[in-house]
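Here is the structure we will look at.
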Amino acid sequence: MEGKTIFQRFGFYTEEEPTSIYPFSPVYRITHEKDDVIVKKTQRPIERAHRLIEYTTYLRDNGIQVVTPVKLNRHNPQTIDGEIYVVYPYIEGTTYAGKASEIYEAGKFLGRIHSLSPDENVYQLEAYNVYDFTIEEVEESIQNIEKNASKHDFEMDSIQLKEKLIQIVSQQEELQNSGLLNIETPHDFKANNLIYTPEPYLIDPDNAAWIPRIFDLALTLLLFHNELSSAPDNIFTPEQWQLFLKGYKESVHLTDLERSYWEKAIEHVFLDEVMWLLDEAEEDWADSSQRMLFESLIRVLLDASDYMLE
């Protein structure tokens, strides 16, 4: 659907067809009543979009800087041609650049978000239940990863990687039945979703979920630097990770059970969130910085001893 048509449904008008500011999904910036706003497609059905709004409003009312829909004289969000669109405020600030202060503040920010989670899934966010990977999926992914790597002279031990991923497949039932603490969380806590104002401000909460807390933390470890040109081209260094945890632990006390499952959580999140990235993202493989990130991701998968929760 044309961006102009989407704008009109929200009461915005422009003569020229707008260009998305995000390459992977429709995200438009437009000035409304002297303020810039963002019009974007969300992946959620309308009922889930409203639950997300209730959750993010709860966070906002408890002091968390997070976008919530702009008040308009039209419905926001809206279903347009079978897709859900929402208008958020445009947040002015700077993007993450890997500074020590930014890392500490990001950890502190995520800790505050996690600490505000109710004990139950009050806002009925989508419950995490991805424990059905198969050995066949791993074997197919490894073949594709090998092809991507060979095109760019990327050296890796694909046999070792395959063995590790197959081992992780065998751990899924144990993790599912482990009794790990679940929380409500935005579940996409990456640098590209933060704007520093100078404190961090979450600009994309659309993936909010009810998920084991250490899965959300593991996702941050692995992919915080993904998809952001101003971020370092590797995952956190061990020193940066400890700095992030320092901020995080100001609000959160991790349990002994979480600590005991931490390495398996990293491995499972790699299977769920990183394997497909290595498998499918051919355009990322062409980027030397992204390949360096991939290298560091594989390295921590095979040995996460420098990234403990202490």
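To be explicit about the labels: the chains of the structure tokens are called A, B, and onward in the order shown, and within each one the residues are counted from 1, while ligands get numbers from 1 in the order they are shown.
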
If you take only C-alpha atoms and a cut-off of 12 Å, which residues of region 31-99 of chain A touch region 8-23 of chain A, and what are their nearest atom pairs and distances in Å to one decimal, in chain and number order, as JSON lines?
```
{"residue": "A:Thr31", "atom": "CA", "partner": "A:Phe12", "partner_atom": "CA", "distance": 8.6}
{"residue": "A:His32", "atom": "CA", "partner": "A:Phe12", "partner_atom": "CA", "distance": 7.2}
{"residue": "A:Glu33", "atom": "CA", "partner": "A:Phe12", "partner_atom": "CA", "distance": 9.8}
{"residue": "A:Asp36", "atom": "CA", "partner": "A:Phe12", "partner_atom": "CA", "distance": 11.5}
{"residue": "A:Val37", "atom": "CA", "partner": "A:Phe12", "partner_atom": "CA", "distance": 10.5}
{"residue": "A:Ile38", "atom": "CA", "partner": "A:Ile21", "partner_atom": "CA", "distance": 9.6}
{"residue": "A:Val39", "atom": "CA", "partner": "A:Phe10", "partner_atom": "CA", "distance": 9.1}
{"residue": "A:Lys40", "atom": "CA", "partner": "A:Ser20", "partner_atom": "CA", "distance": 8.9}
{"residue": "A:Lys41", "atom": "CA", "partner": "A:Ser20", "partner_atom": "CA", "distance": 10.7}
{"residue": "A:Pro69", "atom": "CA", "partner": "A:Phe10", "partner_atom": "CA", "distance": 12.0}
{"residue": "A:Val70", "atom": "CA", "partner": "A:Phe10", "partner_atom": "CA", "distance": 10.7}
{"residue": "A:Lys71", "atom": "CA", "partner": "A:Phe10", "partner_atom": "CA", "distance": 10.6}
{"residue": "A:Leu72", "atom": "CA", "partner": "A:Phe10", "partner_atom": "CA", "distance": 7.7}
{"residue": "A:Asn73", "atom": "CA", "partner": "A:Gly11", "partner_atom": "CA", "distance": 8.0}
{"residue": "A:Arg74", "atom": "CA", "partner": "A:Phe10", "partner_atom": "CA", "distance": 5.8}
{"residue": "A:His75", "atom": "CA", "partner": "A:Phe10", "partner_atom": "CA", "distance": 7.5}
{"residue": "A:Asn76", "atom": "CA", "partner": "A:Phe10", "partner_atom": "CA", "distance": 7.7}
{"residue": "A:Pro77", "atom": "CA", "partner": "A:Phe10", "partner_atom": "CA", "distance": 9.0}
{"residue": "A:Gln78", "atom": "CA", "partner": "A:Phe10", "partner_atom": "CA", "distance": 8.3}
{"residue": "A:Thr79", "atom": "CA", "partner": "A:Arg9", "partner_atom": "CA", "distance": 9.7}
{"residue": "A:Ile80", "atom": "CA", "partner": "A:Arg9", "partner_atom": "CA", "distance": 8.0}
{"residue": "A:Asp81", "atom": "CA", "partner": "A:Arg9", "partner_atom": "CA", "distance": 10.9}
{"residue": "A:Ile84", "atom": "CA", "partner": "A:Arg9", "partner_atom": "CA", "distance": 11.9}
{"residue": "A:Tyr85", "atom": "CA", "partner": "A:Phe10", "partner_atom": "CA", "distance": 9.5}
{"residue": "A:Val86", "atom": "CA", "partner": "A:Phe10", "partner_atom": "CA", "distance": 9.1}
{"residue": "A:Val87", "atom": "CA", "partner": "A:Phe10", "partner_atom": "CA", "distance": 8.2}
{"residue": "A:Tyr88", "atom": "CA", "partner": "A:Phe10", "partner_atom": "CA", "distance": 11.7}
```

- Message: Need the shell around region 56-58 of chain A: protein/DNA/RNA residues with any atom at most 8 Å away, counting only C-alpha atoms. Skip same-chain ones fewer than 4 positions apart. Format as a PyMOL selection string?
- Response: chain A and resi 52+62+66-68+205

Just write the chosen residues, N, CA, C and O atoms, as a compact mmCIF listing (two decimals), in the first residue's frame.
```
# COMPACT_ATOMS: atom_id res chain seq x y z
N LEU A 52 -0.27 -4.39 23.74
CA LEU A 52 1.05 -3.77 23.78
C LEU A 52 0.96 -2.33 24.28
O LEU A 52 1.78 -1.90 25.10
N ASN A 62 5.35 4.38 34.90
CA ASN A 62 6.27 4.04 35.97
C ASN A 62 7.69 4.53 35.70
O ASN A 62 8.65 4.02 36.25
N VAL A 66 9.61 5.20 26.96
CA VAL A 66 9.24 4.29 25.88
C VAL A 66 8.14 4.95 25.06
O VAL A 66 7.27 5.63 25.60
N VAL A 67 8.19 4.74 23.75
CA VAL A 67 7.17 5.35 22.90
C VAL A 67 5.81 4.70 23.14
O VAL A 67 5.71 3.48 23.31
N THR A 68 4.79 5.53 23.17
CA THR A 68 3.40 5.08 23.16
C THR A 68 2.69 5.85 22.05
O THR A 68 3.16 6.92 21.64
N PRO A 205 9.01 -0.98 20.89
CA PRO A 205 8.62 -2.02 21.84
C PRO A 205 7.73 -3.11 21.23
O PRO A 205 7.11 -3.89 21.95
```

- Name the closest residue to Ala265 (chain A) among the candidates A:Glu146, A:Glu250, A:Asp188, A:Glu174; distances are taken between atoms, counting only C-alpha atoms.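 Distance minimum relative to Ala265 (chain A) lands on A:Glu174.
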
- Nearby residues (only C-alpha atoms) at most 9 Å from Asp272 (chain A), same-chain spacing under 4 positions excluded, as a VMD selection string: chain A and resid 130 to 131 133 267 to 268 276

Take the residues from that selection and write them out as a PDB file, in the first residue's frame, keeping all heavy atoms.
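Listed below is the output, selection-v1.pdb:
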```
ATOM      1  N   VAL A 130       9.047 -21.344  21.856  1.00  0.00           N
ATOM      2  CA  VAL A 130       9.807 -21.826  20.704  1.00  0.00           C
ATOM      3  C   VAL A 130      10.815 -22.869  21.182  1.00  0.00           C
ATOM      4  O   VAL A 130      11.981 -22.568  21.447  1.00  0.00           O
ATOM      5  CB  VAL A 130      10.514 -20.659  19.982  1.00  0.00           C
ATOM      6  CG1 VAL A 130      11.153 -21.157  18.685  1.00  0.00           C
ATOM      7  CG2 VAL A 130       9.533 -19.536  19.695  1.00  0.00           C
ATOM      8  N   TYR A 131      10.320 -24.090  21.297  1.00  0.00           N
ATOM      9  CA  TYR A 131      11.157 -25.193  21.763  1.00  0.00           C
ATOM     10  C   TYR A 131      11.008 -26.403  20.832  1.00  0.00           C
ATOM     11  O   TYR A 131      11.015 -27.546  21.280  1.00  0.00           O
ATOM     12  CB  TYR A 131      10.758 -25.603  23.181  1.00  0.00           C
ATOM     13  CG  TYR A 131      10.894 -24.526  24.219  1.00  0.00           C
ATOM     14  CD1 TYR A 131       9.785 -23.781  24.623  1.00  0.00           C
ATOM     15  CD2 TYR A 131      12.121 -24.246  24.810  1.00  0.00           C
ATOM     16  CE1 TYR A 131       9.893 -22.790  25.604  1.00  0.00           C
ATOM     17  CE2 TYR A 131      12.244 -23.265  25.787  1.00  0.00           C
ATOM     18  CZ  TYR A 131      11.131 -22.544  26.172  1.00  0.00           C
ATOM     19  OH  TYR A 131      11.252 -21.562  27.144  1.00  0.00           O
ATOM     20  N   PHE A 133      12.805 -26.849  17.655  1.00  0.00           N
ATOM     21  CA  PHE A 133      13.810 -26.971  16.600  1.00  0.00           C
ATOM     22  C   PHE A 133      14.181 -28.436  16.398  1.00  0.00           C
ATOM     23  O   PHE A 133      14.148 -29.246  17.330  1.00  0.00           O
ATOM     24  CB  PHE A 133      15.063 -26.162  16.961  1.00  0.00           C
ATOM     25  CG  PHE A 133      14.849 -24.681  16.916  1.00  0.00           C
ATOM     26  CD1 PHE A 133      14.601 -23.967  18.085  1.00  0.00           C
ATOM     27  CD2 PHE A 133      14.872 -23.996  15.717  1.00  0.00           C
ATOM     28  CE1 PHE A 133      14.404 -22.599  18.055  1.00  0.00           C
ATOM     29  CE2 PHE A 133      14.673 -22.621  15.674  1.00  0.00           C
ATOM     30  CZ  PHE A 133      14.424 -21.931  16.851  1.00  0.00           C
ATOM     31  N   GLU A 267      22.820 -20.413  24.499  1.00  0.00           N
ATOM     32  CA  GLU A 267      22.818 -21.355  23.378  1.00  0.00           C
ATOM     33  C   GLU A 267      21.444 -21.437  22.722  1.00  0.00           C
ATOM     34  O   GLU A 267      21.331 -21.462  21.483  1.00  0.00           O
ATOM     35  CB  GLU A 267      23.250 -22.734  23.894  1.00  0.00           C
ATOM     36  CG  GLU A 267      24.700 -22.773  24.336  1.00  0.00           C
ATOM     37  CD  GLU A 267      25.061 -24.004  25.140  1.00  0.00           C
ATOM     38  OE1 GLU A 267      24.146 -24.801  25.488  1.00  0.00           O
ATOM     39  OE2 GLU A 267      26.252 -24.183  25.434  1.00  0.00           O
ATOM     40  N   HIS A 268      20.393 -21.468  23.538  1.00  0.00           N
ATOM     41  CA  HIS A 268      19.052 -21.567  22.974  1.00  0.00           C
ATOM     42  C   HIS A 268      18.686 -20.314  22.184  1.00  0.00           C
ATOM     43  O   HIS A 268      18.095 -20.399  21.095  1.00  0.00           O
ATOM     44  CB  HIS A 268      18.024 -21.797  24.082  1.00  0.00           C
ATOM     45  CG  HIS A 268      16.644 -22.045  23.559  1.00  0.00           C
ATOM     46  ND1 HIS A 268      16.245 -23.259  23.047  1.00  0.00           N
ATOM     47  CD2 HIS A 268      15.582 -21.214  23.409  1.00  0.00           C
ATOM     48  CE1 HIS A 268      14.993 -23.181  22.636  1.00  0.00           C
ATOM     49  NE2 HIS A 268      14.571 -21.945  22.836  1.00  0.00           N
ATOM     50  N   TRP A 276      19.162 -18.300  12.188  1.00  0.00           N
ATOM     51  CA  TRP A 276      18.481 -17.866  10.957  1.00  0.00           C
ATOM     52  C   TRP A 276      19.154 -16.643  10.355  1.00  0.00           C
ATOM     53  O   TRP A 276      19.152 -16.454   9.134  1.00  0.00           O
ATOM     54  CB  TRP A 276      17.000 -17.577  11.232  1.00  0.00           C
ATOM     55  CG  TRP A 276      16.735 -16.360  12.044  1.00  0.00           C
ATOM     56  CD1 TRP A 276      16.572 -16.273  13.387  1.00  0.00           C
ATOM     57  CD2 TRP A 276      16.611 -15.021  11.548  1.00  0.00           C
ATOM     58  NE1 TRP A 276      16.359 -14.966  13.772  1.00  0.00           N
ATOM     59  CE2 TRP A 276      16.377 -14.176  12.666  1.00  0.00           C
ATOM     60  CE3 TRP A 276      16.686 -14.445  10.272  1.00  0.00           C
ATOM     61  CZ2 TRP A 276      16.219 -12.800  12.545  1.00  0.00           C
ATOM     62  CZ3 TRP A 276      16.526 -13.067  10.154  1.00  0.00           C
ATOM     63  CH2 TRP A 276      16.294 -12.267  11.278  1.00  0.00           C
TER      64      TRP A 276
END
```

- Message: Set the distance at 10 Å and use only C-alpha atoms: which residues neighbour Val274 (chain A) once local chain neighbours fewer than 3 positions away are removed? I'd like the list as a list in words.
- Response: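 Counting only C-alpha atoms, the residues come to Leu219, Leu222, Leu223, Glu267, His268, Val269, Phe270, Leu271, Leu277, Leu278, Asp279, Phe294, Leu297 and Ile298 of chain A.
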
- When distances are computed from only C-alpha atoms, which of A:Tyr196, A:Leu181, A:Pro186, A:Lys34 shows the smallest separation from Gly93 (chain A)?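 Once distances to Gly93 (chain A) are computed over only C-alpha atoms, the minimum belongs to A:Tyr196.
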
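Across the model, the gap from CA of Pro118 (chain A) to CA of Leu257 (chain A) is 19.3 Å.
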
- Item | Minimum-distance residue to Ile235 (chain A), chosen among A:Ala218, A:Leu202, A:Leu194, A:Val252 (using only C-alpha atoms) |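 Looking at the shortest contact to Ile235 (chain A), the residue is A:Ala218.
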
- Message: For the structure I just gave you, how does DSSP split region 173-275 of chain A - specifically, which residues are strand (DSSP E or B)? Reply as an MDAnalysis selection string.
- Response: chainID A and resid 182:185 194:196 200:202 209:212

- Task: Identify all residues of region 28-269 of chain A in helix (DSSP H, G or I) (DSSP on the backbone) and supply them as an NGL selection string.
- Result: :A and (46-61 or 100-115 or 135-151 or 158-169 or 172-176 or 191-193 or 213-223 or 238-248 or 256-260 or 262-269)

- A:His225, A:Lys162, A:Arg48, A:Lys190: which is nearest Phe109 (chain A), counting only C-alpha atoms?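 Using only C-alpha atoms, the shortest distance to Phe109 (chain A) belongs to A:Lys190.
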
- Figure out the distance between CA of Asn144 (chain A) and CA of Glu280 (chain A), please, to one decimal in Å.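 CA of Asn144 (chain A) lies at a distance of 7.6 Å from CA of Glu280 (chain A).
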
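By chain and then residue number, the residues within 10 Å of region 137-139 of chain A are Phe133, Thr134, Ile135, Ser141, Ile142, Gln143, Asn144, Ile145, Leu161, Lys162, Glu163, Lys164, Leu165, Ile166, Ile168, Val169, Leu271, Met275, Trp276 and Asp279 of chain A, counting only C-alpha atoms and disregarding those fewer than 2 positions away in sequence.
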